[in-house]
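Asks: My file is data_17.cif. It has mmCIF, C-alpha atoms and all ligand atoms:
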```cif
data_entry
#
loop_
_atom_site.label_atom_id
_atom_site.label_comp_id
_atom_site.auth_asym_id
_atom_site.auth_seq_id
_atom_site.Cartn_x
_atom_site.Cartn_y
_atom_site.Cartn_z
CA MET A 100 77.84 85.74 118.39
CA GLY A 101 75.71 88.55 117.02
CA THR A 102 71.94 88.70 117.25
CA GLY A 103 71.53 91.36 114.56
CA LEU A 104 69.43 94.36 115.44
CA LYS A 105 66.04 92.64 115.33
CA ALA A 106 67.04 89.55 117.30
CA ALA A 107 63.92 87.57 116.51
CA LEU A 108 64.38 88.11 112.77
CA HIS A 109 68.12 88.69 112.27
CA LEU A 110 69.50 85.78 114.30
CA THR A 111 71.25 83.35 111.94
CA PRO A 112 70.56 79.59 112.20
CA GLU A 113 74.26 79.19 113.09
CA ALA A 114 73.95 81.59 116.03
CA ARG A 115 70.66 80.07 117.19
CA GLU A 116 72.30 76.63 117.22
CA GLU A 117 75.17 78.01 119.31
CA ILE A 118 72.75 79.36 121.92
CA ALA A 119 71.02 75.99 122.06
CA GLN A 120 74.31 74.10 122.47
CA ALA A 121 75.87 76.40 125.08
CA GLU A 122 75.85 75.48 128.75
CA LYS A 123 76.11 79.14 129.75
CA VAL A 124 74.68 82.03 127.74
CA PHE A 125 75.37 85.72 128.40
CA TYR A 126 73.92 88.57 126.40
CA LEU A 127 74.26 92.32 125.92
CA ILE A 128 71.24 93.46 124.03
CA SER A 129 69.58 96.85 123.98
CA ASP A 130 65.88 96.05 123.56
CA ALA A 131 63.38 94.10 125.63
CA LEU A 132 61.92 92.04 122.78
CA SER A 133 65.31 90.67 121.74
CA GLU A 134 66.06 89.92 125.37
CA MET A 135 62.78 87.97 125.65
CA TRP A 136 63.71 86.10 122.50
CA ILE A 137 67.09 85.00 123.87
CA LYS A 138 65.48 83.99 127.15
CA ARG A 139 63.00 81.89 125.24
CA LEU A 140 65.82 80.06 123.53
CA LYS A 141 67.82 79.70 126.77
CA PRO A 142 65.84 80.48 129.95
CA THR A 143 69.02 80.53 132.08
CA ALA A 144 70.68 83.20 129.88
CA ARG A 145 72.07 86.11 131.90
CA SER A 146 72.39 89.76 130.91
CA LEU A 147 75.80 91.42 131.05
CA ALA A 148 74.15 94.81 131.59
CA SER A 149 74.70 94.49 135.36
CA CYS A 150 78.43 94.99 134.68
CA TYR A 151 77.71 98.66 133.96
CA ALA A 152 77.79 101.17 136.79
CA PRO A 153 76.21 104.59 136.16
CA GLY A 154 78.79 107.38 135.86
CA LYS A 155 81.70 104.90 135.86
CA PRO A 156 84.06 104.27 132.91
CA ARG A 157 82.58 102.00 130.27
CA MET A 158 85.97 100.28 129.95
CA ALA A 159 85.74 99.02 133.56
CA ALA A 160 82.35 97.49 132.72
CA TYR A 161 83.81 95.84 129.61
CA GLN A 162 86.59 94.26 131.70
CA ARG A 163 83.94 92.89 134.11
CA MET A 164 82.06 91.45 131.11
CA VAL A 165 85.19 89.71 129.87
CA GLU A 166 85.78 88.17 133.31
CA THR A 167 82.12 87.09 133.55
CA ILE A 168 82.29 85.40 130.14
CA LEU A 169 85.62 83.71 130.81
CA ALA A 170 84.86 82.36 134.31
CA PRO A 171 82.68 79.37 133.26
CA ALA A 172 84.85 78.80 130.15
CA ARG A 173 87.84 78.31 132.47
CA GLU A 174 85.83 75.59 134.22
CA GLY A 175 85.53 73.82 130.87
CA ARG A 176 81.95 74.83 130.14
CA ARG A 177 80.66 75.77 126.69
CA VAL A 178 79.93 79.49 126.82
CA CYS A 179 78.10 81.70 124.37
CA ALA A 180 78.10 85.51 124.61
CA ALA A 181 75.50 87.24 122.45
CA PHE A 182 75.90 90.90 121.46
CA TYR A 183 73.43 92.87 119.42
CA GLY A 184 74.34 93.65 115.83
CA HIS A 185 77.63 92.12 114.72
CA PRO A 186 79.64 91.03 117.79
CA GLY A 187 82.91 92.21 116.27
CA VAL A 188 81.77 95.67 115.20
CA PHE A 189 82.43 98.37 117.80
CA VAL A 190 82.33 95.84 120.64
CA TYR A 191 85.33 95.53 122.96
CA PRO A 192 84.36 92.63 125.30
CA SER A 193 83.73 90.17 122.44
CA HIS A 194 87.16 90.61 120.84
CA GLU A 195 88.88 90.75 124.22
CA SER A 196 87.15 87.60 125.55
CA ILE A 197 88.22 85.69 122.47
CA ARG A 198 91.77 87.02 122.64
CA ARG A 199 92.13 86.15 126.33
CA ALA A 200 90.45 82.74 125.96
CA ARG A 201 92.87 81.77 123.18
CA LEU A 202 95.84 82.96 125.26
CA GLU A 203 94.64 80.61 128.00
CA GLY A 204 94.32 77.71 125.56
CA ILE A 205 90.51 77.82 125.40
CA ASP A 206 88.90 77.35 121.96
CA ALA A 207 87.01 80.48 120.95
CA ARG A 208 85.44 81.82 117.77
CA MET A 209 83.18 84.63 116.65
CA LEU A 210 79.97 84.18 114.66
CA PRO A 211 78.89 87.18 112.57
CA GLY A 212 75.64 89.10 112.83
CA ILE A 213 73.79 91.87 110.99
CA SER A 214 75.28 95.19 112.10
CA ALA A 215 73.78 98.67 112.20
CA GLU A 216 75.94 99.48 109.18
CA ASP A 217 74.44 96.56 107.24
CA CYS A 218 70.96 97.93 107.99
CA LEU A 219 72.12 101.43 107.01
CA PHE A 220 73.38 100.16 103.63
CA SER A 221 69.98 98.58 103.00
CA GLU A 222 67.79 101.43 104.17
CA LEU A 223 69.75 104.42 102.87
CA GLY A 224 70.48 102.66 99.59
CA VAL A 225 74.24 102.92 100.07
CA ASP A 226 76.59 100.67 98.14
CA PRO A 227 80.15 101.00 99.48
CA ALA A 228 81.43 99.95 96.06
CA ARG A 229 80.33 103.30 94.56
CA SER A 230 82.82 105.53 96.31
CA GLY A 231 84.32 103.49 99.11
CA CYS A 232 83.17 103.79 102.69
CA GLN A 233 85.01 104.80 105.84
CA SER A 234 83.81 103.87 109.29
CA TYR A 235 84.91 105.58 112.52
CA GLU A 236 83.94 105.73 116.14
CA ALA A 237 83.11 109.39 116.87
CA THR A 238 85.46 109.99 119.82
CA ASP A 239 88.33 108.12 118.16
CA PHE A 240 87.71 110.11 114.96
CA LEU A 241 88.25 113.39 116.82
CA ILE A 242 90.97 112.60 119.30
CA TYR A 243 93.23 110.91 116.74
CA ARG A 244 92.22 113.45 114.09
CA ARG A 245 91.68 110.58 111.65
CA ARG A 246 92.44 111.39 108.05
CA PHE A 247 89.60 110.59 105.73
CA ASP A 248 88.65 111.03 102.11
CA PRO A 249 85.56 113.26 101.63
CA SER A 250 84.99 111.78 98.19
CA SER A 251 84.18 108.48 99.94
CA ALA A 252 81.15 107.88 102.14
CA LEU A 253 81.75 108.34 105.87
CA VAL A 254 79.99 106.47 108.66
CA ILE A 255 80.38 107.80 112.21
CA TRP A 256 79.32 105.51 115.06
CA GLN A 257 78.46 106.61 118.58
CA ALA A 258 78.11 110.27 117.58
CA GLY A 259 75.44 110.64 120.29
CA VAL A 260 77.98 109.85 123.01
CA VAL A 261 81.01 111.54 121.47
CA GLY A 262 83.62 112.46 124.09
CA ASN A 263 81.74 110.53 126.73
CA LEU A 264 83.71 107.64 128.23
CA ASN A 265 81.42 106.95 131.19
CA TYR A 266 78.30 104.83 131.16
CA GLY A 267 74.93 106.58 131.39
CA GLN A 268 76.29 110.10 130.87
CA ARG A 269 73.95 112.41 128.94
CA PRO A 270 74.87 112.99 125.28
CA ALA A 271 77.38 115.81 125.14
CA ARG A 272 76.33 118.78 122.98
CA SER A 273 79.89 120.15 123.18
CA GLY A 274 81.20 116.93 121.60
CA LEU A 275 78.74 117.30 118.75
CA HIS A 276 79.87 120.92 118.23
CA THR A 277 83.46 119.69 117.95
CA LEU A 278 82.42 116.95 115.53
CA ALA A 279 80.40 119.42 113.43
CA ARG A 280 83.35 121.83 113.30
CA ARG A 281 85.71 119.09 112.16
CA LEU A 282 83.31 117.94 109.43
CA ALA A 283 82.45 121.51 108.35
CA GLY A 284 86.16 122.24 107.88
CA VAL A 285 86.27 119.54 105.20
CA TYR A 286 82.77 119.43 103.66
CA GLY A 287 81.44 122.92 104.42
CA ARG A 288 78.67 123.77 106.89
CA LYS A 289 75.81 123.15 104.46
CA HIS A 290 76.78 119.60 103.50
CA GLU A 291 73.91 117.20 104.05
CA VAL A 292 74.29 114.41 106.61
CA VAL A 293 71.87 111.68 107.63
CA LEU A 294 70.99 110.48 111.12
CA TYR A 295 70.01 106.86 111.05
CA GLU A 296 68.42 104.66 113.67
CA ALA A 297 67.33 101.22 112.51
CA SER A 298 64.05 100.06 113.92
CA LEU A 299 64.39 97.15 116.33
CA LEU A 300 60.81 96.05 115.77
CA PRO A 301 59.30 94.83 112.52
CA VAL A 302 56.18 96.96 113.07
CA LEU A 303 58.02 100.28 113.51
CA PRO A 304 59.81 102.29 110.81
CA SER A 305 63.45 103.24 111.18
CA THR A 306 64.43 106.87 111.80
CA ILE A 307 66.11 108.45 108.78
CA ARG A 308 66.62 112.17 109.25
CA SER A 309 68.48 114.52 106.97
CA THR A 310 70.18 117.59 108.38
CA THR A 311 73.21 119.74 107.65
CA ILE A 312 76.58 119.66 109.35
CA GLU A 313 75.94 123.06 110.96
CA ASN A 314 72.66 121.82 112.46
CA LEU A 315 74.10 118.58 113.79
CA PRO A 316 74.52 119.74 117.43
CA SER A 317 70.80 120.56 117.70
CA ALA A 318 69.52 117.66 115.58
CA GLY A 319 68.69 115.36 118.52
CA VAL A 320 71.43 112.79 117.96
CA THR A 321 70.90 109.83 120.30
CA GLY A 322 73.26 107.08 121.45
CA ASN A 323 71.59 104.57 119.14
CA MET A 324 72.02 106.64 116.01
CA THR A 325 74.66 106.28 113.33
CA LEU A 326 75.70 109.31 111.32
CA PHE A 327 76.10 108.97 107.58
CA VAL A 328 78.02 111.63 105.65
CA PRO A 329 77.47 111.25 101.90
CA PRO A 330 80.53 111.73 99.70
CA ARG A 331 81.36 114.95 97.91
CA PRO A 332 81.26 114.62 94.11
CA HIS A 333 84.67 113.80 92.72
CA ALA A 334 86.02 113.64 89.17
CA PRO A 335 88.17 110.68 88.11
CA ASP A 336 91.91 111.24 88.02
CA PRO A 337 93.12 111.51 84.37
CA ARG A 338 96.40 109.83 85.30
CA GLY A 339 94.58 106.86 86.86
CA LEU A 340 92.43 106.58 83.73
CA ARG A 341 95.49 106.69 81.46
CA GLN A 342 97.33 104.07 83.49
CA LEU A 343 94.37 101.70 83.14
CA HIS A 344 93.90 102.58 79.44
CA LEU A 345 90.43 103.92 80.16
CA ARG A 346 88.56 107.04 79.04
CA GLN A 347 86.08 109.00 81.11
CA SER A 348 83.38 108.00 78.59
CA ASP A 349 84.02 104.33 79.51
CA LEU A 350 82.80 104.99 83.05
CA THR A 351 79.17 104.42 83.95
CA VAL A 352 77.64 107.54 85.45
CA VAL A 353 75.80 106.48 88.56
CA PRO A 354 73.56 108.63 90.74
CA PRO A 355 74.72 109.54 94.26
CA CYS A 356 74.73 106.61 96.65
CA TRP A 357 72.34 108.27 99.08
CA LYS A 358 68.90 109.56 98.20
CA PRO A 359 66.41 110.76 100.80
CA ASP A 360 63.66 108.29 101.63
CA SER A 361 60.51 109.11 99.68
C1 LIG A 401 78.63 99.81 120.77
S1 LIG A 401 78.18 100.09 119.12
C2 LIG A 401 77.44 98.55 118.77
C3 LIG A 401 77.32 98.24 117.30
C4 LIG A 401 76.78 96.85 117.02
N1 LIG A 401 77.70 95.84 117.45
C5 LIG A 401 76.48 96.62 115.54
O1 LIG A 401 77.04 95.68 114.97
O2 LIG A 401 75.67 97.34 114.97
C6 LIG A 401 76.84 101.20 119.35
C7 LIG A 401 76.63 102.07 118.14
O3 LIG A 401 76.03 101.29 117.11
C8 LIG A 401 75.16 102.08 116.36
N2 LIG A 401 73.79 101.58 116.55
C9 LIG A 401 73.32 100.84 117.56
N3 LIG A 401 72.01 100.59 117.39
C10 LIG A 401 71.66 101.20 116.24
C11 LIG A 401 70.45 101.31 115.52
N4 LIG A 401 69.33 100.75 115.95
N5 LIG A 401 70.46 102.02 114.38
C12 LIG A 401 71.58 102.61 113.91
N6 LIG A 401 72.75 102.54 114.55
C13 LIG A 401 72.78 101.84 115.70
C14 LIG A 401 75.26 103.51 116.90
O4 LIG A 401 76.26 104.21 116.16
C15 LIG A 401 75.68 103.24 118.32
O5 LIG A 401 76.29 104.38 118.89
#
```
Can I see the file as structure tokens?

Replies:
Amino acid sequence: MGTGLKAALHLTPEAREEIAQAEKVFYLISDALSEMWIKRLKPTARSLASCYAPGKPRMAAYQRMVETILAPAREGRRVCAAFYGHPGVFVYPSHESIRRARLEGIDARMLPGISAEDCLFSELGVDPARSGCQSYEATDFLIYRRRFDPSSALVIWQAGVVGNLNYGQRPARSGLHTLARRLAGVYGRKHEVVLYEASLLPVLPSTIRSTTIENLPSAGVTGNMTLFVPPRPHAPDPRGLRQLHLRQSDLTVVPPCWKPDS
């Protein structure tokens, strides 16, 4: 299940009920307040953070998490694993635990949560219906040279740890240079991008910082930030209009989907 980003406020009643019902609760949550909140609901809840080993591959830690989650489930106990945000969005151990549990004949399901992208849509005023929206993990985006449409919005996750497969490694400036070069080749160096970090506490504002693609490597991108690349303006395709028996004047002109916070 997902706790959302502000666990105390984003946790759904469905997820809260699951924590209450579970015999064993594990969690992977990035802030102390949310951790306290889970512990209040289930004092015996255990963090999965101990599965990480500094400097060691993150994937090895994820495999340990899967084993930790599955062990009591194999003994027939009701297990709940809580991940911050949405548990199925850029989270390996949640999907893998469910896949393996089902293979072993254990009932498993995923409960949704409020993801960083949901918060980004709210706070940057982005509606994916306006131009479409593409979402990529930064390292995957580069190494598979993902094809994307610059007339659609682009969301890049984990830009702060691009190229970095080990836990606890410092953010790699060279990875950000590579990312900036790839984006500049498509949008141009001066295209505006937005660094977004949702606040985890109701009393603190989120970080919303505009920069350009060329300044990205020195913009202080952290591991908890998500990069938003607004779409390039794009004219409708006359053939598409004709095929749908529409004229350009039938279309509603809408302002860009991202406007800087006032
Ligand atoms: C392993 S993914 C986890 C995503 C999480 N499951 C979710 O649903 O939001 C980590 C990435 O999520 C994004 N992220 C995490 N916390 C964030 C925050 N407070 N604000 C914006 N993006 C965040 C960043 O792109 C970060 O590199």

Asks: Determine, counting only C-alpha atoms, which protein, DNA and RNA residues have an atom within 6 Å of an atom of A:Val261; residues of the same chain fewer than 3 positions away are not included. Present the result as a ChimeraX atom specification.

Replies: /A:237-238,258,274

Asks: Dump the neighbourhood of ligand LIG 401 (chain A) as a list in words: all residues within 6 Å, distances computed on all atoms listed in the file.

Replies: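 Using all atoms listed in the file, I find these residues within 6 Å of ligand LIG 401 (chain A): Tyr183, Gly184, His185, Pro186, Val188, Phe189, Val190, Ser214, Ala215, Trp256, Gln257, Tyr295, Glu296, Ala297, Ser298, Gly322, Asn323, Met324 and Thr325 of chain A.
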
Asks: Quick check, in Å to one decimal: how far apart do atom CA of A:Ile168 and atom CA of A:Arg199 lie?

Replies: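 Computing it gives 10.6 Å between the two atoms.
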
Asks: Give me, please, the distance in Å between atom CA of A:Ala334 and atom CA of A:Ala252, quoted to one decimal.

Replies: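 Atom CA of A:Ala252 lies 15.0 Å from atom CA of A:Ala334.
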
Asks: Which is closer to A:Gly231 than all the others in A:Pro330, A:Gly204, A:Pro112, A:Gly339, using all atoms listed in the file?

Replies: A:Pro330

Asks: Taking only C-alpha atoms into account, which of A:Ala200, A:Val353, A:Leu299, A:Ile307 comes nearest A:Ala107?

Replies: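 Ranked by minimum distance to A:Ala107, first place goes to A:Leu299.
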
Asks: Can you tell me how far atom CA of A:Gly212 sits from atom CA of A:Leu303, in Å to one decimal?

Replies: 20.9 Å

Asks: Name all residues at most 10 Å from A:Leu315 (count only C-alpha atoms; drop same-chain ones fewer than 2 positions away) and give them as a tab-separated table (two decimals) with C-alpha atoms, in the frame of the given file.

Replies:
```
chain	number	residue	atom	x	y	z
A	258	ALA	CA	78.11	110.27	117.58
A	272	ARG	CA	76.33	118.78	122.98
A	275	LEU	CA	78.74	117.30	118.75
A	276	HIS	CA	79.87	120.92	118.23
A	278	LEU	CA	82.42	116.95	115.53
A	279	ALA	CA	80.40	119.42	113.43
A	280	ARG	CA	83.35	121.83	113.30
A	288	ARG	CA	78.67	123.77	106.89
A	291	GLU	CA	73.91	117.20	104.05
A	292	VAL	CA	74.29	114.41	106.61
A	293	VAL	CA	71.87	111.68	107.63
A	294	LEU	CA	70.99	110.48	111.12
A	309	SER	CA	68.48	114.52	106.97
A	310	THR	CA	70.18	117.59	108.38
A	311	THR	CA	73.21	119.74	107.65
A	312	ILE	CA	76.58	119.66	109.35
A	313	GLU	CA	75.94	123.06	110.96
A	317	SER	CA	70.80	120.56	117.70
A	318	ALA	CA	69.52	117.66	115.58
A	319	GLY	CA	68.69	115.36	118.52
A	320	VAL	CA	71.43	112.79	117.96
A	326	LEU	CA	75.70	109.31	111.32
```

Asks: Tell me which of A:Tyr151, A:Val178, A:Ile255, A:Ala119 sits closest to A:Arg139, counting only C-alpha atoms.

Replies: A:Ala119

Asks: Need the shell around A:Gly154: protein/DNA/RNA residues with any atom at most 12 Å away, counting only C-alpha atoms. Skip same-chain ones fewer than 4 positions apart. Format as a VMD selection string?

Replies: chain A and resid 158 to 160 263 to 269

Asks: Since fewer atoms than expected are present, regenerate all heavy atoms for stretch 244-255 of chain A and write them as a JSON list (two decimals), keeping the file's coordinate frame.

Replies:
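Result file is part.json:
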```
[["chain", "number", "residue", "atom", "x", "y", "z"],
["A", 244, "ARG", "N", 92.33, 112.63, 115.31],
["A", 244, "ARG", "CA", 92.22, 113.45, 114.09],
["A", 244, "ARG", "C", 92.42, 112.56, 112.85],
["A", 244, "ARG", "O", 93.34, 112.76, 112.05],
["A", 244, "ARG", "CB", 93.25, 114.59, 114.11],
["A", 244, "ARG", "CG", 92.76, 115.77, 113.30],
["A", 244, "ARG", "CD", 93.58, 117.02, 113.41],
["A", 244, "ARG", "NE", 93.14, 117.95, 112.39],
["A", 244, "ARG", "CZ", 92.06, 118.70, 112.47],
["A", 244, "ARG", "NH1", 91.32, 118.69, 113.56],
["A", 244, "ARG", "NH2", 91.71, 119.48, 111.48],
["A", 245, "ARG", "N", 91.57, 111.54, 112.75],
["A", 245, "ARG", "CA", 91.68, 110.58, 111.65],
["A", 245, "ARG", "C", 91.62, 111.28, 110.31],
["A", 245, "ARG", "O", 90.79, 112.16, 110.10],
["A", 245, "ARG", "CB", 90.54, 109.55, 111.73],
["A", 245, "ARG", "CG", 90.55, 108.72, 113.00],
["A", 245, "ARG", "CD", 91.69, 107.75, 113.02],
["A", 245, "ARG", "NE", 91.68, 106.94, 114.25],
["A", 245, "ARG", "CZ", 92.71, 106.24, 114.67],
["A", 245, "ARG", "NH1", 93.85, 106.26, 114.02],
["A", 245, "ARG", "NH2", 92.63, 105.52, 115.76],
["A", 246, "ARG", "N", 92.48, 110.85, 109.41],
["A", 246, "ARG", "CA", 92.44, 111.39, 108.05],
["A", 246, "ARG", "C", 91.41, 110.62, 107.27],
["A", 246, "ARG", "O", 91.37, 109.39, 107.34],
["A", 246, "ARG", "CB", 93.78, 111.22, 107.38],
["A", 246, "ARG", "CG", 94.78, 112.14, 107.97],
["A", 246, "ARG", "CD", 96.06, 111.92, 107.26],
["A", 246, "ARG", "NE", 97.09, 112.63, 108.00],
["A", 246, "ARG", "CZ", 98.19, 113.05, 107.44],
["A", 246, "ARG", "NH1", 98.38, 112.86, 106.17],
["A", 246, "ARG", "NH2", 99.08, 113.68, 108.14],
["A", 247, "PHE", "N", 90.60, 111.30, 106.51],
["A", 247, "PHE", "CA", 89.60, 110.59, 105.73],
["A", 247, "PHE", "C", 89.45, 111.26, 104.39],
["A", 247, "PHE", "O", 89.91, 112.38, 104.18],
["A", 247, "PHE", "CB", 88.26, 110.54, 106.49],
["A", 247, "PHE", "CG", 87.67, 111.89, 106.74],
["A", 247, "PHE", "CD1", 86.68, 112.38, 105.92],
["A", 247, "PHE", "CD2", 88.11, 112.67, 107.80],
["A", 247, "PHE", "CE1", 86.13, 113.63, 106.14],
["A", 247, "PHE", "CE2", 87.58, 113.93, 108.02],
["A", 247, "PHE", "CZ", 86.59, 114.42, 107.19],
["A", 248, "ASP", "N", 88.79, 110.56, 103.48],
["A", 248, "ASP", "CA", 88.65, 111.03, 102.11],
["A", 248, "ASP", "C", 87.20, 111.48, 101.91],
["A", 248, "ASP", "O", 86.29, 110.64, 101.91],
["A", 248, "ASP", "CB", 89.03, 109.88, 101.17],
["A", 248, "ASP", "CG", 88.80, 110.23, 99.71],
["A", 248, "ASP", "OD1", 88.36, 111.37, 99.43],
["A", 248, "ASP", "OD2", 89.05, 109.37, 98.86],
["A", 249, "PRO", "N", 86.96, 112.79, 101.75],
["A", 249, "PRO", "CA", 85.56, 113.26, 101.63],
["A", 249, "PRO", "C", 84.88, 112.84, 100.33],
["A", 249, "PRO", "O", 83.68, 113.01, 100.19],
["A", 249, "PRO", "CB", 85.69, 114.79, 101.72],
["A", 249, "PRO", "CG", 87.10, 115.08, 101.35],
["A", 249, "PRO", "CD", 87.93, 113.89, 101.71],
["A", 250, "SER", "N", 85.65, 112.26, 99.40],
["A", 250, "SER", "CA", 84.99, 111.78, 98.19],
["A", 250, "SER", "C", 84.49, 110.34, 98.38],
["A", 250, "SER", "O", 83.90, 109.75, 97.47],
["A", 250, "SER", "CB", 85.93, 111.86, 96.98],
["A", 250, "SER", "OG", 86.94, 110.89, 97.09],
["A", 251, "SER", "N", 84.74, 109.79, 99.56],
["A", 251, "SER", "CA", 84.18, 108.48, 99.94],
["A", 251, "SER", "C", 83.11, 108.70, 100.99],
["A", 251, "SER", "O", 83.18, 109.68, 101.75],
["A", 251, "SER", "CB", 85.26, 107.61, 100.57],
["A", 251, "SER", "OG", 86.03, 106.98, 99.60],
["A", 252, "ALA", "N", 82.18, 107.78, 101.09],
["A", 252, "ALA", "CA", 81.15, 107.88, 102.14],
["A", 252, "ALA", "C", 81.81, 107.75, 103.52],
["A", 252, "ALA", "O", 82.86, 107.12, 103.65],
["A", 252, "ALA", "CB", 80.11, 106.79, 101.94],
["A", 253, "LEU", "N", 81.20, 108.37, 104.50],
["A", 253, "LEU", "CA", 81.75, 108.34, 105.87],
["A", 253, "LEU", "C", 80.64, 107.92, 106.84],
["A", 253, "LEU", "O", 79.54, 108.49, 106.81],
["A", 253, "LEU", "CB", 82.25, 109.75, 106.21],
["A", 253, "LEU", "CG", 82.84, 109.99, 107.58],
["A", 253, "LEU", "CD1", 84.12, 109.19, 107.78],
["A", 253, "LEU", "CD2", 83.17, 111.49, 107.76],
["A", 254, "VAL", "N", 80.95, 106.92, 107.65],
["A", 254, "VAL", "CA", 79.99, 106.47, 108.66],
["A", 254, "VAL", "C", 80.60, 106.75, 110.03],
["A", 254, "VAL", "O", 81.73, 106.34, 110.30],
["A", 254, "VAL", "CB", 79.70, 104.95, 108.51],
["A", 254, "VAL", "CG1", 78.79, 104.45, 109.62],
["A", 254, "VAL", "CG2", 79.08, 104.66, 107.14],
["A", 255, "ILE", "N", 79.88, 107.48, 110.86],
["A", 255, "ILE", "CA", 80.38, 107.80, 112.21],
["A", 255, "ILE", "C", 79.45, 107.13, 113.23],
["A", 255, "ILE", "O", 78.27, 107.44, 113.31],
["A", 255, "ILE", "CB", 80.40, 109.32, 112.47],
["A", 255, "ILE", "CG1", 81.19, 110.03, 111.37],
["A", 255, "ILE", "CG2", 80.89, 109.64, 113.88],
["A", 255, "ILE", "CD1", 82.60, 110.37, 111.69]]
```
